[in-house]
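Chemist: Sharing data-v5.cif below, mmCIF, C-alpha atoms and all ligand atoms:
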data_input
loop_
_atom_site.label_atom_id
_atom_site.label_comp_id
_atom_site.auth_asym_id
_atom_site.auth_seq_id
_atom_site.Cartn_x
_atom_site.Cartn_y
_atom_site.Cartn_z
CA MET Q 10 85.08 175.15 95.44
CA GLY Q 11 86.13 171.57 96.17
CA PHE Q 12 86.77 170.47 99.73
CA GLY Q 13 88.36 167.43 101.36
CA ARG Q 14 88.45 167.41 105.15
CA GLY Q 15 91.16 166.06 107.39
CA LYS Q 16 90.41 163.20 109.76
CA VAL Q 17 91.43 162.01 113.17
CA ILE Q 18 91.31 158.29 113.84
CA LEU Q 19 89.94 158.04 117.39
CA LEU Q 20 90.73 154.35 117.73
CA GLY Q 21 91.66 151.41 115.54
CA GLU Q 22 94.36 152.60 113.12
CA HIS Q 23 96.61 149.87 111.71
CA SER Q 24 94.36 146.98 112.76
CA VAL Q 25 91.82 148.57 110.36
CA VAL Q 26 94.16 147.67 107.48
CA HIS Q 27 93.70 144.00 108.46
CA GLY Q 28 89.90 144.06 108.55
CA TYR Q 29 89.26 145.19 112.14
CA PRO Q 30 86.93 148.12 112.91
CA ALA Q 31 88.01 151.70 113.62
CA ILE Q 32 86.31 154.93 114.66
CA ALA Q 33 87.27 158.21 113.03
CA VAL Q 34 86.04 161.79 112.93
CA GLY Q 35 86.17 164.36 110.16
CA ILE Q 36 87.62 167.75 111.09
CA GLU Q 37 87.00 171.21 109.64
CA ARG Q 38 90.63 171.63 108.59
CA GLY Q 39 91.39 170.19 105.23
CA VAL Q 40 92.10 171.11 101.63
CA HIS Q 41 90.22 173.59 99.42
CA ALA Q 42 90.59 173.37 95.65
CA GLN Q 43 89.34 175.11 92.54
CA ALA Q 44 89.54 173.83 88.95
CA ALA Q 45 89.06 175.52 85.58
CA PRO Q 46 89.74 174.64 81.95
CA GLY Q 47 93.25 175.84 80.98
CA ASN Q 48 96.05 175.35 78.46
CA ARG Q 49 97.43 172.18 80.05
CA ASP Q 50 96.80 169.88 82.98
CA LEU Q 51 98.40 171.39 86.06
CA LEU Q 52 97.99 171.04 89.82
CA ARG Q 53 99.26 173.89 92.01
CA LEU Q 54 99.63 173.11 95.71
CA ASP Q 55 99.93 175.88 98.28
CA PRO Q 56 101.45 176.72 100.73
CA TRP Q 57 104.15 174.45 99.32
CA ALA Q 58 104.41 176.38 96.02
CA LEU Q 59 104.39 173.10 94.08
CA GLU Q 60 103.39 172.80 90.42
CA ILE Q 61 102.59 169.26 89.39
CA GLU Q 62 102.03 167.93 85.88
CA PRO Q 63 100.33 164.54 85.63
CA ASP Q 64 102.67 161.68 84.73
CA PRO Q 65 101.87 158.01 85.45
CA GLU Q 66 105.59 157.11 85.24
CA ALA Q 67 106.98 159.94 87.40
CA ASP Q 68 108.99 159.37 90.59
CA GLU Q 69 106.94 162.12 92.24
CA PRO Q 70 103.86 160.40 93.72
CA LEU Q 71 101.75 163.59 93.37
CA ALA Q 72 102.32 163.48 89.58
CA ARG Q 73 101.23 159.81 89.46
CA ALA Q 74 98.24 160.46 91.72
CA PHE Q 75 97.11 163.46 89.64
CA ALA Q 76 97.40 161.31 86.49
CA ALA Q 77 95.35 158.54 88.15
CA VAL Q 78 92.59 160.99 89.05
CA LEU Q 79 92.48 162.66 85.61
CA ASP Q 80 92.28 159.20 84.05
CA THR Q 81 88.93 158.61 85.74
CA TYR Q 82 87.32 161.32 83.54
CA ALA Q 83 86.46 160.14 80.03
CA GLU Q 84 86.12 163.42 78.14
CA ARG Q 85 87.43 166.70 79.47
CA PRO Q 86 89.40 169.80 78.52
CA PRO Q 87 92.91 170.40 79.97
CA LEU Q 88 92.42 171.37 83.62
CA GLU Q 89 94.26 173.69 85.96
CA VAL Q 90 93.63 172.93 89.61
CA ASP Q 91 94.64 175.17 92.53
CA ALA Q 92 94.63 173.57 95.95
CA ARG Q 93 95.29 175.10 99.36
CA VAL Q 94 96.41 172.62 102.01
CA GLU Q 95 95.68 173.44 105.67
CA LEU Q 96 97.00 170.17 107.12
CA PRO Q 97 100.54 169.05 107.94
CA ALA Q 98 101.68 166.34 105.50
CA GLY Q 99 102.70 162.88 106.72
CA ALA Q 100 101.20 163.68 110.10
CA GLY Q 101 98.38 161.17 110.47
CA LEU Q 102 95.57 163.60 109.63
CA GLY Q 103 94.84 162.16 106.20
CA CYS Q 104 96.46 165.02 104.29
CA SER Q 105 97.04 163.09 101.07
CA ALA Q 106 93.48 161.75 100.97
CA ALA Q 107 92.10 165.24 101.61
CA ILE Q 108 94.04 166.59 98.62
CA GLY Q 109 92.66 163.77 96.45
CA VAL Q 110 89.05 164.41 97.54
CA ALA Q 111 89.38 168.19 97.11
CA VAL Q 112 90.92 167.82 93.62
CA LEU Q 113 88.19 165.42 92.47
CA ASP Q 114 85.48 167.61 93.98
CA ALA Q 115 86.90 170.71 92.24
CA ILE Q 116 87.14 168.91 88.86
CA ASP Q 117 83.57 167.62 89.25
CA GLY Q 118 82.51 171.23 89.86
CA ALA Q 119 84.36 172.51 86.79
CA LEU Q 120 82.86 169.81 84.58
CA GLY Q 121 79.35 170.14 86.00
CA ARG Q 122 79.39 166.55 87.25
CA SER Q 123 77.58 165.74 90.47
CA ARG Q 124 77.99 162.67 92.66
CA SER Q 125 77.42 161.88 96.32
CA ARG Q 126 80.16 162.48 98.90
CA GLU Q 127 80.35 158.67 99.35
CA GLU Q 128 81.03 158.21 95.62
CA LEU Q 129 83.59 161.00 95.76
CA GLY Q 130 85.38 159.21 98.62
CA GLU Q 131 85.41 155.97 96.64
CA ALA Q 132 86.81 157.69 93.55
CA ALA Q 133 89.63 159.17 95.67
CA LEU Q 134 90.92 155.67 96.41
CA ALA Q 135 92.67 155.85 93.00
CA TRP Q 136 94.64 158.82 94.36
CA GLU Q 137 95.29 157.27 97.78
CA GLU Q 138 96.59 153.98 96.35
CA VAL Q 139 99.54 155.85 94.85
CA PHE Q 140 100.62 157.01 98.31
CA HIS Q 141 100.28 153.79 100.22
CA GLY Q 142 100.17 150.42 98.68
CA ASN Q 143 97.36 148.97 100.79
CA PRO Q 144 95.05 151.73 102.06
CA SER Q 145 92.13 150.58 104.20
CA GLY Q 146 89.99 153.32 102.61
CA ILE Q 147 89.34 155.08 105.93
CA ASP Q 148 91.20 158.27 104.97
CA ASN Q 149 89.53 158.95 101.62
CA THR Q 150 86.07 157.96 102.90
CA MET Q 151 86.30 160.13 106.03
CA SER Q 152 87.76 162.99 104.04
CA ALA Q 153 84.71 163.02 101.79
CA VAL Q 154 81.95 162.20 104.27
CA GLY Q 155 83.07 163.46 107.73
CA GLY Q 156 81.12 163.17 110.98
CA VAL Q 157 81.83 160.51 113.60
CA ALA Q 158 81.96 157.15 111.92
CA TRP Q 159 82.51 153.44 112.36
CA PHE Q 160 84.62 152.05 109.56
CA ARG Q 161 85.46 148.52 108.54
CA ARG Q 162 87.30 147.78 105.32
CA GLY Q 163 85.00 146.82 102.47
CA GLU Q 164 81.87 147.98 104.28
CA PRO Q 165 80.07 151.31 103.91
CA LEU Q 166 80.89 153.91 106.55
CA ARG Q 167 78.40 153.86 109.47
CA ALA Q 168 77.61 157.20 111.09
CA LEU Q 169 77.70 157.12 114.90
CA ASP Q 170 75.39 159.23 117.01
CA ALA Q 171 77.63 161.08 119.43
CA ASN Q 172 75.64 161.96 122.53
CA LYS Q 173 77.96 164.88 123.38
CA PRO Q 174 80.30 167.04 121.31
CA LEU Q 175 83.93 165.91 121.38
CA HIS Q 176 86.55 168.58 122.11
CA LEU Q 177 89.76 167.27 120.63
CA VAL Q 178 93.14 168.96 120.72
CA VAL Q 179 95.49 167.82 117.99
CA GLY Q 180 99.24 168.18 118.46
CA PHE Q 181 101.99 167.65 115.88
CA SER Q 182 105.22 165.98 117.01
CA GLY Q 183 107.13 167.93 114.36
CA VAL Q 184 108.26 164.81 112.52
CA SER Q 185 106.58 163.44 109.39
CA SER Q 186 106.41 159.74 108.71
CA SER Q 187 105.53 157.46 105.84
CA THR Q 188 102.22 155.63 106.23
CA LYS Q 189 103.45 153.05 103.74
CA GLU Q 190 106.52 152.23 105.87
CA MET Q 191 104.57 152.12 109.13
CA VAL Q 192 101.92 149.82 107.60
CA SER Q 193 104.70 147.56 106.24
CA SER Q 194 106.36 147.41 109.66
CA VAL Q 195 103.12 146.11 111.22
CA ARG Q 196 102.72 143.61 108.37
CA ARG Q 197 106.24 142.27 109.03
CA GLN Q 198 105.44 141.88 112.74
CA LEU Q 199 102.25 140.05 111.79
CA GLU Q 200 104.19 137.66 109.56
CA GLN Q 201 106.90 137.03 112.17
CA ASP Q 202 104.74 136.75 115.27
CA GLU Q 203 101.17 136.23 114.19
CA ASN Q 204 99.81 135.23 117.62
CA ARG Q 205 101.08 138.28 119.44
CA VAL Q 206 99.97 140.74 116.78
CA ARG Q 207 96.51 139.12 116.38
CA GLN Q 208 96.03 139.33 120.16
CA THR Q 209 96.90 143.02 120.01
CA PHE Q 210 94.44 143.55 117.15
CA ASP Q 211 91.74 141.68 119.13
CA GLY Q 212 92.47 143.92 122.12
CA ILE Q 213 92.14 147.03 119.95
CA GLU Q 214 88.84 145.73 118.56
CA THR Q 215 87.47 145.43 122.11
CA LEU Q 216 88.51 149.03 122.79
CA VAL Q 217 86.87 150.20 119.55
CA ARG Q 218 83.61 148.42 120.38
CA ASN Q 219 83.52 149.89 123.89
CA ALA Q 220 84.40 153.33 122.53
CA LYS Q 221 81.36 153.16 120.24
CA LEU Q 222 79.16 152.59 123.31
CA ALA Q 223 80.92 155.38 125.23
CA ILE Q 224 80.47 157.86 122.34
CA GLU Q 225 76.79 156.95 121.97
CA ALA Q 226 76.26 157.28 125.72
CA GLY Q 227 78.26 160.52 125.99
CA ASP Q 228 80.58 158.89 128.56
CA LEU Q 229 83.71 160.95 127.93
CA ILE Q 230 85.58 159.58 130.95
CA ALA Q 231 85.27 156.02 129.64
CA LEU Q 232 86.22 157.18 126.15
CA GLY Q 233 89.36 158.85 127.53
CA GLN Q 234 90.43 155.65 129.28
CA LEU Q 235 89.92 153.65 126.08
CA LEU Q 236 92.07 156.14 124.15
CA ASP Q 237 94.92 155.71 126.67
CA LEU Q 238 94.70 151.92 126.35
CA ASN Q 239 94.69 152.09 122.55
CA HIS Q 240 97.82 154.26 122.73
CA THR Q 241 99.54 151.59 124.84
CA LEU Q 242 98.62 148.82 122.39
CA LEU Q 243 99.93 150.91 119.46
CA SER Q 244 103.16 151.44 121.45
CA SER Q 245 103.48 147.68 121.76
CA LEU Q 246 103.52 147.55 117.93
CA MET Q 247 106.42 150.04 118.03
CA LEU Q 248 104.45 152.82 116.37
CA CYS Q 249 104.95 155.55 118.99
CA THR Q 250 107.87 157.89 119.47
CA THR Q 251 109.32 159.37 122.64
CA LYS Q 252 107.99 162.76 121.59
CA LEU Q 253 104.43 161.45 121.00
CA ASP Q 254 104.52 159.68 124.38
CA ALA Q 255 105.73 162.85 126.11
CA MET Q 256 102.98 164.92 124.47
CA CYS Q 257 100.30 162.43 125.56
CA GLN Q 258 101.68 162.44 129.13
CA ALA Q 259 101.75 166.25 129.21
CA ALA Q 260 98.15 166.42 127.98
CA ARG Q 261 96.97 163.93 130.62
CA ALA Q 262 98.84 165.82 133.36
CA ALA Q 263 97.13 169.03 132.17
CA GLY Q 264 93.67 167.53 132.56
CA ALA Q 265 92.95 165.61 129.34
CA LEU Q 266 90.54 162.70 129.80
CA GLY Q 267 92.75 160.62 127.52
CA ALA Q 268 95.39 161.02 124.82
CA LYS Q 269 96.81 158.91 122.03
CA MET Q 270 98.81 158.97 118.84
CA THR Q 271 96.66 159.02 115.73
CA GLY Q 272 97.20 157.72 112.21
CA ALA Q 273 100.28 155.87 111.06
CA GLY Q 274 102.60 156.83 113.95
CA GLY Q 275 106.39 156.89 113.87
CA GLY Q 276 105.96 160.66 114.18
CA GLY Q 277 102.97 162.64 113.05
CA CYS Q 278 100.19 163.66 115.41
CA MET Q 279 98.58 162.81 118.71
CA PHE Q 280 95.36 164.14 120.14
CA ALA Q 281 93.87 164.68 123.55
CA LEU Q 282 90.24 164.54 124.62
CA ALA Q 283 89.33 167.63 126.65
CA PRO Q 284 86.49 167.52 129.18
CA LYS Q 285 85.12 170.89 127.99
CA ARG Q 286 85.60 173.59 125.38
CA GLU Q 287 87.51 175.94 127.73
CA GLU Q 288 89.88 173.18 128.79
CA ALA Q 289 90.61 172.40 125.14
CA GLU Q 290 92.11 175.89 124.79
CA ARG Q 291 94.33 175.31 127.82
CA LEU Q 292 95.49 171.93 126.48
CA ARG Q 293 96.32 173.56 123.16
CA GLU Q 294 98.85 175.77 124.93
CA VAL Q 295 100.48 172.70 126.52
CA LEU Q 296 100.76 170.93 123.15
CA GLY Q 297 102.81 173.54 121.32
CA ASP Q 298 102.45 176.14 118.60
CA ASP Q 299 101.18 173.78 115.91
CA ALA Q 300 98.39 172.38 118.10
CA PHE Q 301 94.79 173.16 117.25
CA VAL Q 302 91.34 172.48 118.64
CA ALA Q 303 89.01 170.27 116.58
CA GLU Q 304 85.38 170.40 117.63
CA VAL Q 305 83.32 167.41 116.64
CA SER Q 306 79.65 168.12 117.05
CA ALA Q 307 77.19 165.62 118.40
O1 LIG C 1 98.64 158.48 108.98
P1 LIG C 1 97.49 158.43 108.06
O2 LIG C 1 96.63 159.63 108.08
O3 LIG C 1 97.92 158.05 106.68
O4 LIG C 1 96.52 157.27 108.60
C1 LIG C 1 96.75 155.95 108.22
C2 LIG C 1 95.83 154.98 108.93
C3 LIG C 1 96.33 153.56 108.85
O5 LIG C 1 95.39 152.76 109.55
C4 LIG C 1 97.68 153.43 109.53
C5 LIG C 1 96.46 153.07 107.40
C6 LIG C 1 95.14 152.82 106.68
O6 LIG C 1 95.17 152.70 105.43
O7 LIG C 1 94.09 152.69 107.32
#
Since I need it in another form, could you write the structure as structure tokens?
Ligand code: PMV

Modeler:
Amino acid sequence: MGFGRGKVILLGEHSVVHGYPAIAVGIERGVHAQAAPGNRDLLRLDPWALEIEPDPEADEPLARAFAAVLDTYAERPPLEVDARVELPAGAGLGCSAAIGVAVLDAIDGALGRSRSREELGEAALAWEEVFHGNPSGIDNTMSAVGGVAWFRRGEPLRALDANKPLHLVVGFSGVSSSTKEMVSSVRRQLEQDENRVRQTFDGIETLVRNAKLAIEAGDLIALGQLLDLNHTLLSSLMLCTTKLDAMCQAARAAGALGAKMTGAGGGGCMFALAPKREEAERLREVLGDDAFVAEVSA
């Protein structure tokens, strides 16, 4: 069985595309996949009931991504891959990367090929590049490796030692967004007003660096404050929506230590940091039917 996990970016999305650091965690929800030799190459995706044939020229990005992945295997029989997706798509939880990692992992299994999770994450970049032109690599790497990690583009992932478990509650705003479009919007702002956007990125970097210390020290109160500040800086880049803001406010009012949007923004997900396990359950009720608790162990 192949597996690619989902991820939550704790701090540093968007600036990470431009070479600044970010901190992300892998979550237990993700994508499971199984592959076996068949009559033709085919990718079935549930619960969406999609059947995808690989085609490098297709309009459908999944067909191009599947072709890109199959291309990385020199000799192989036709392969049928069945994948079950447990993450909302276009929601900032790294759904597309998780599918790519799970598909590669399943094909490796079917062909008796073994490689490290790091190598698997790297190979999944071929898949991820189809979905957004300029991926930082954080999604595919986190999807393969997991844990709590410090990521900077072009550098190997660095595991962080969390002093305490993190009880996160992830809420979905109900609206999907395109990572590609959100990343382009930030690039345009950077081109038009470089000073302002660089200052914002510098501010986010300071928050990321302090968050690393807070995570290592188990200072959840400080971490919560840094999440709130990162949310505000992402809002200043016009990445938040009224709904995401309202969900973050509701979570804070219900006792969250901090809350922020996560991933590309413009819709998608937010998450809240709960002080304890029991309070995570209560926050989940505040954040709607789609919300779920993600435990990140120390
Ligand atoms: O929304 P997601 O899960 O695609 O997260 C994207 C994270 C960005 O920093 C916005 C883009 C990237 O490639 O790092």

Chemist: Using all atoms listed in the file, which residues sit within 12 Å of Leu88 (chain Q) once same-chain residues fewer than 5 positions away are excluded, as a list in words?

Modeler: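 Here the qualifying residues turn out to be Gln43, Ala44, Ala45, Pro46, Gly47, Asn48, Arg49, Asp50, Leu51, Leu52, Arg53, Ile61, Glu62, Pro63, Phe75, Ala76, Val78, Leu79, Tyr82, Val112, Leu113, Ala115, Ile116, Asp117, Gly118, Ala119 and Leu120 of chain Q.
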
Chemist: Residues within 10 Å of (94.7, 150.0, 116.6), file coordinates, counting all atoms listed in the file: what are they? Give the list as a PyMOL selection string.

Modeler: chain Q and resi 18-26+29-32+209-214+216-217+238-244+246+271-273

Chemist: Contacts of Ile108 (chain Q) at 9 Å or less, counting only C-alpha atoms, minus same-chain residues fewer than 4 places along, as a list in words?

Modeler: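 Listed by chain and then number, they are Phe12, Gly13, Arg14, Gly39, Val40, His41, Ala42, Ala92, Arg93, Val94, Gly103, Cys104, Val112, Leu113 and Trp136 of chain Q.
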
Chemist: How close does chain Q get to ligand LIG 1 (chain C)? List, as a tab-separated table, each residue of chain Q within 10 Å, its nearest atom pair and the distance in Å to one decimal, counting only C-alpha atoms and all ligand atoms.

Modeler:
residue	atom	partner	partner_atom	distance
Q:Gly15	CA	C:LIG1	O2	8.5
Q:Lys16	CA	C:LIG1	O2	7.4
Q:Val17	CA	C:LIG1	O2	7.7
Q:Ile18	CA	C:LIG1	C2	7.4
Q:Leu20	CA	C:LIG1	O5	9.5
Q:Gly21	CA	C:LIG1	O5	7.2
Q:Glu22	CA	C:LIG1	O5	3.7
Q:His23	CA	C:LIG1	O5	3.8
Q:Ser24	CA	C:LIG1	O5	6.7
Q:Val25	CA	C:LIG1	O5	5.6
Q:Val26	CA	C:LIG1	O7	5.0
Q:His27	CA	C:LIG1	O7	8.8
Q:Gly28	CA	C:LIG1	O7	9.7
Q:Ala31	CA	C:LIG1	O5	8.5
Q:Ala98	CA	C:LIG1	O2	8.8
Q:Gly99	CA	C:LIG1	O1	6.4
Q:Ala100	CA	C:LIG1	O1	5.9
Q:Gly101	CA	C:LIG1	O1	3.1
Q:Leu102	CA	C:LIG1	O2	4.4
Q:Gly103	CA	C:LIG1	O2	3.6
Q:Cys104	CA	C:LIG1	O2	6.6
Q:Ser105	CA	C:LIG1	O3	7.6
Q:Ala106	CA	C:LIG1	O2	8.1
Q:Ala107	CA	C:LIG1	O2	9.7
Q:Glu137	CA	C:LIG1	O6	8.9
Q:Glu138	CA	C:LIG1	O6	9.3
Q:Phe140	CA	C:LIG1	O3	8.9
Q:His141	CA	C:LIG1	O6	7.4
Q:Gly142	CA	C:LIG1	O6	8.7
Q:Asn143	CA	C:LIG1	O6	6.3
Q:Pro144	CA	C:LIG1	O6	3.5
Q:Ser145	CA	C:LIG1	O6	3.9
Q:Gly146	CA	C:LIG1	O6	5.9
Q:Ile147	CA	C:LIG1	O7	5.5
Q:Asp148	CA	C:LIG1	O2	6.4
Q:Asn149	CA	C:LIG1	O6	9.2
Q:Phe160	CA	C:LIG1	O7	9.8
Q:Arg161	CA	C:LIG1	O7	9.7
Q:Arg162	CA	C:LIG1	O7	8.6
Q:Ser185	CA	C:LIG1	O1	9.4
Q:Ser186	CA	C:LIG1	O1	7.9
Q:Ser187	CA	C:LIG1	O1	7.6
Q:Thr188	CA	C:LIG1	O3	5.0
Q:Lys189	CA	C:LIG1	C5	7.9
Q:Glu190	CA	C:LIG1	C4	9.6
Q:Met191	CA	C:LIG1	C4	7.0
Q:Val192	CA	C:LIG1	C4	5.9
Q:Ser193	CA	C:LIG1	C4	9.7
Q:Val195	CA	C:LIG1	C4	9.3
Q:Leu248	CA	C:LIG1	C4	9.6
Q:Met270	CA	C:LIG1	O1	9.9
Q:Thr271	CA	C:LIG1	O1	7.1
Q:Gly272	CA	C:LIG1	O1	3.6
Q:Ala273	CA	C:LIG1	O1	3.7
Q:Gly274	CA	C:LIG1	O1	6.6
Q:Gly275	CA	C:LIG1	O1	9.3
Q:Gly276	CA	C:LIG1	O1	9.2
Q:Gly277	CA	C:LIG1	O1	7.3
Q:Cys278	CA	C:LIG1	O1	8.4

Chemist: May I ask for the distance between CA of Gly35 (chain Q) and CA of Gly267 (chain Q), given in Å to one decimal place?

Modeler: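 Separation of CA of Gly35 (chain Q) and CA of Gly267 (chain Q): 18.9 Å.
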
Chemist: Excluding Met279 (chain Q) and residues on its chain fewer than 6 positions from it, collect all residues at most 9 Å away from it, counting only C-alpha atoms, and give them as a list of chain:residue names.

Modeler: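 Returned residues: Q:Gly101, Q:Val178, Q:Val179, Q:Gly180, Q:Phe181, Q:Ser182, Q:Leu253, Q:Asp254, Q:Met256, Q:Cys257, Q:Ala268, Q:Lys269, Q:Met270, Q:Thr271, Q:Gly272.
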
Chemist: Which is closest to Ala303 (chain Q) among Q:Leu134, Q:Val184, Q:Leu236, Q:Ala283, if we use all atoms listed in the file?

Modeler: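 When distances to Ala303 (chain Q) are compared using all atoms listed in the file, the smallest one comes from Q:Ala283.
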
Chemist: Between CA of Asp299 (chain Q) and CA of Leu169 (chain Q), what is the spacing in Å?

Modeler: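 CA of Asp299 (chain Q) lies 28.8 Å from CA of Leu169 (chain Q).
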
Chemist: Calculated over only C-alpha atoms, which of the candidates Q:Asn172, Q:Ser123, Q:Thr250, Q:Ser245 has the smallest distance to Leu222 (chain Q)?

Modeler: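 Smallest separation from Leu222 (chain Q) among the options: Q:Asn172.
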
Chemist: Could you work out how far CA of Val302 (chain Q) lies from CA of Phe280 (chain Q), giving the answer in Å with one decimal?

Modeler: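 Calculated distance between CA of Phe280 (chain Q) and CA of Val302 (chain Q) is 9.4 Å.
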
Chemist: So, counting all atoms listed in the file, which residue among Q:Ala77, Q:Val295, Q:Met151, Q:Ala83 is closest to Pro65 (chain Q)?

Modeler: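 For Pro65 (chain Q), the nearest of the candidates is Q:Ala77.
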
Chemist: Taking 4 positions as the minimum chain separation for residues in the same chain, which residues sit within 10 Å of Asp170 (chain Q) when counting all atoms listed in the file? Answer as a list in words.

Modeler: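 The neighbour list is Gly156, Val157, Ala158, Lys221, Leu222, Ile224, Glu225, Ala226, Gly227, Ser306 and Ala307 of chain Q.
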
Chemist: Which is closer to Ala33 (chain Q) than all the others in Q:Leu235, Q:Pro56, Q:Pro86, Q:Gly155, using only C-alpha atoms?

Modeler: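 For Ala33 (chain Q), the nearest of the candidates is Q:Gly155.
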
Chemist: Nearest to Ala135 (chain Q) among Q:Asp202, Q:Asp91, Q:Glu164, Q:Asp80, with distances taken over all atoms listed in the file: which residue is it?

Modeler: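 Closest residue, counting all atoms listed in the file: Q:Asp80.
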
Chemist: When distances are computed from all atoms listed in the file, which of Q:Ala265, Q:Ala220, Q:Leu229, Q:Ile36 shows the smallest separation from Ala289 (chain Q)?

Modeler: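 Under the stated criterion, the closest residue is Q:Ala265.
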
Chemist: If I only have part of region 43-56 of chain Q, can you fill in N, CA and C atoms and write it as a PDB file, in the frame of the given file?

Modeler:
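The resulting file, part-v9.pdb, is shown below:
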ATOM      1  N   GLN Q  43      90.160 174.528  93.601  1.00  0.00           N
ATOM      2  CA  GLN Q  43      89.340 175.110  92.540  1.00  0.00           C
ATOM      3  C   GLN Q  43      89.917 174.635  91.208  1.00  0.00           C
ATOM      4  N   ALA Q  44      89.050 174.296  90.258  1.00  0.00           N
ATOM      5  CA  ALA Q  44      89.540 173.830  88.950  1.00  0.00           C
ATOM      6  C   ALA Q  44      88.876 174.634  87.846  1.00  0.00           C
ATOM      7  N   ALA Q  45      89.617 174.814  86.741  1.00  0.00           N
ATOM      8  CA  ALA Q  45      89.060 175.520  85.580  1.00  0.00           C
ATOM      9  C   ALA Q  45      89.766 175.022  84.332  1.00  0.00           C
ATOM     10  N   PRO Q  46      89.073 175.018  83.192  1.00  0.00           N
ATOM     11  CA  PRO Q  46      89.740 174.640  81.950  1.00  0.00           C
ATOM     12  C   PRO Q  46      90.934 175.572  81.704  1.00  0.00           C
ATOM     13  N   GLY Q  47      92.052 175.026  81.212  1.00  0.00           N
ATOM     14  CA  GLY Q  47      93.250 175.840  80.980  1.00  0.00           C
ATOM     15  C   GLY Q  47      93.982 175.366  79.742  1.00  0.00           C
ATOM     16  N   ASN Q  48      95.268 175.746  79.640  1.00  0.00           N
ATOM     17  CA  ASN Q  48      96.050 175.350  78.460  1.00  0.00           C
ATOM     18  C   ASN Q  48      96.607 173.943  78.570  1.00  0.00           C
ATOM     19  N   ARG Q  49      96.861 173.527  79.820  1.00  0.00           N
ATOM     20  CA  ARG Q  49      97.430 172.180  80.050  1.00  0.00           C
ATOM     21  C   ARG Q  49      96.982 171.706  81.419  1.00  0.00           C
ATOM     22  N   ASP Q  50      97.142 170.411  81.660  1.00  0.00           N
ATOM     23  CA  ASP Q  50      96.800 169.880  82.980  1.00  0.00           C
ATOM     24  C   ASP Q  50      97.863 170.308  83.979  1.00  0.00           C
ATOM     25  N   LEU Q  51      97.437 170.923  85.063  1.00  0.00           N
ATOM     26  CA  LEU Q  51      98.400 171.390  86.060  1.00  0.00           C
ATOM     27  C   LEU Q  51      97.737 171.431  87.432  1.00  0.00           C
ATOM     28  N   LEU Q  52      98.476 170.964  88.442  1.00  0.00           N
ATOM     29  CA  LEU Q  52      97.990 171.040  89.820  1.00  0.00           C
ATOM     30  C   LEU Q  52      98.954 171.919  90.616  1.00  0.00           C
ATOM     31  N   ARG Q  53      98.439 173.021  91.148  1.00  0.00           N
ATOM     32  CA  ARG Q  53      99.260 173.890  92.010  1.00  0.00           C
ATOM     33  C   ARG Q  53      98.873 173.620  93.450  1.00  0.00           C
ATOM     34  N   LEU Q  54      99.897 173.407  94.302  1.00  0.00           N
ATOM     35  CA  LEU Q  54      99.630 173.110  95.710  1.00  0.00           C
ATOM     36  C   LEU Q  54     100.271 174.156  96.603  1.00  0.00           C
ATOM     37  N   ASP Q  55      99.434 174.886  97.321  1.00  0.00           N
ATOM     38  CA  ASP Q  55      99.930 175.880  98.280  1.00  0.00           C
ATOM     39  C   ASP Q  55      99.611 175.411  99.679  1.00  0.00           C
ATOM     40  N   PRO Q  56     100.364 175.724 100.703  1.00  0.00           N
ATOM     41  CA  PRO Q  56     101.450 176.720 100.730  1.00  0.00           C
ATOM     42  C   PRO Q  56     102.800 176.178 100.306  1.00  0.00           C
TER      43      PRO Q  56
END
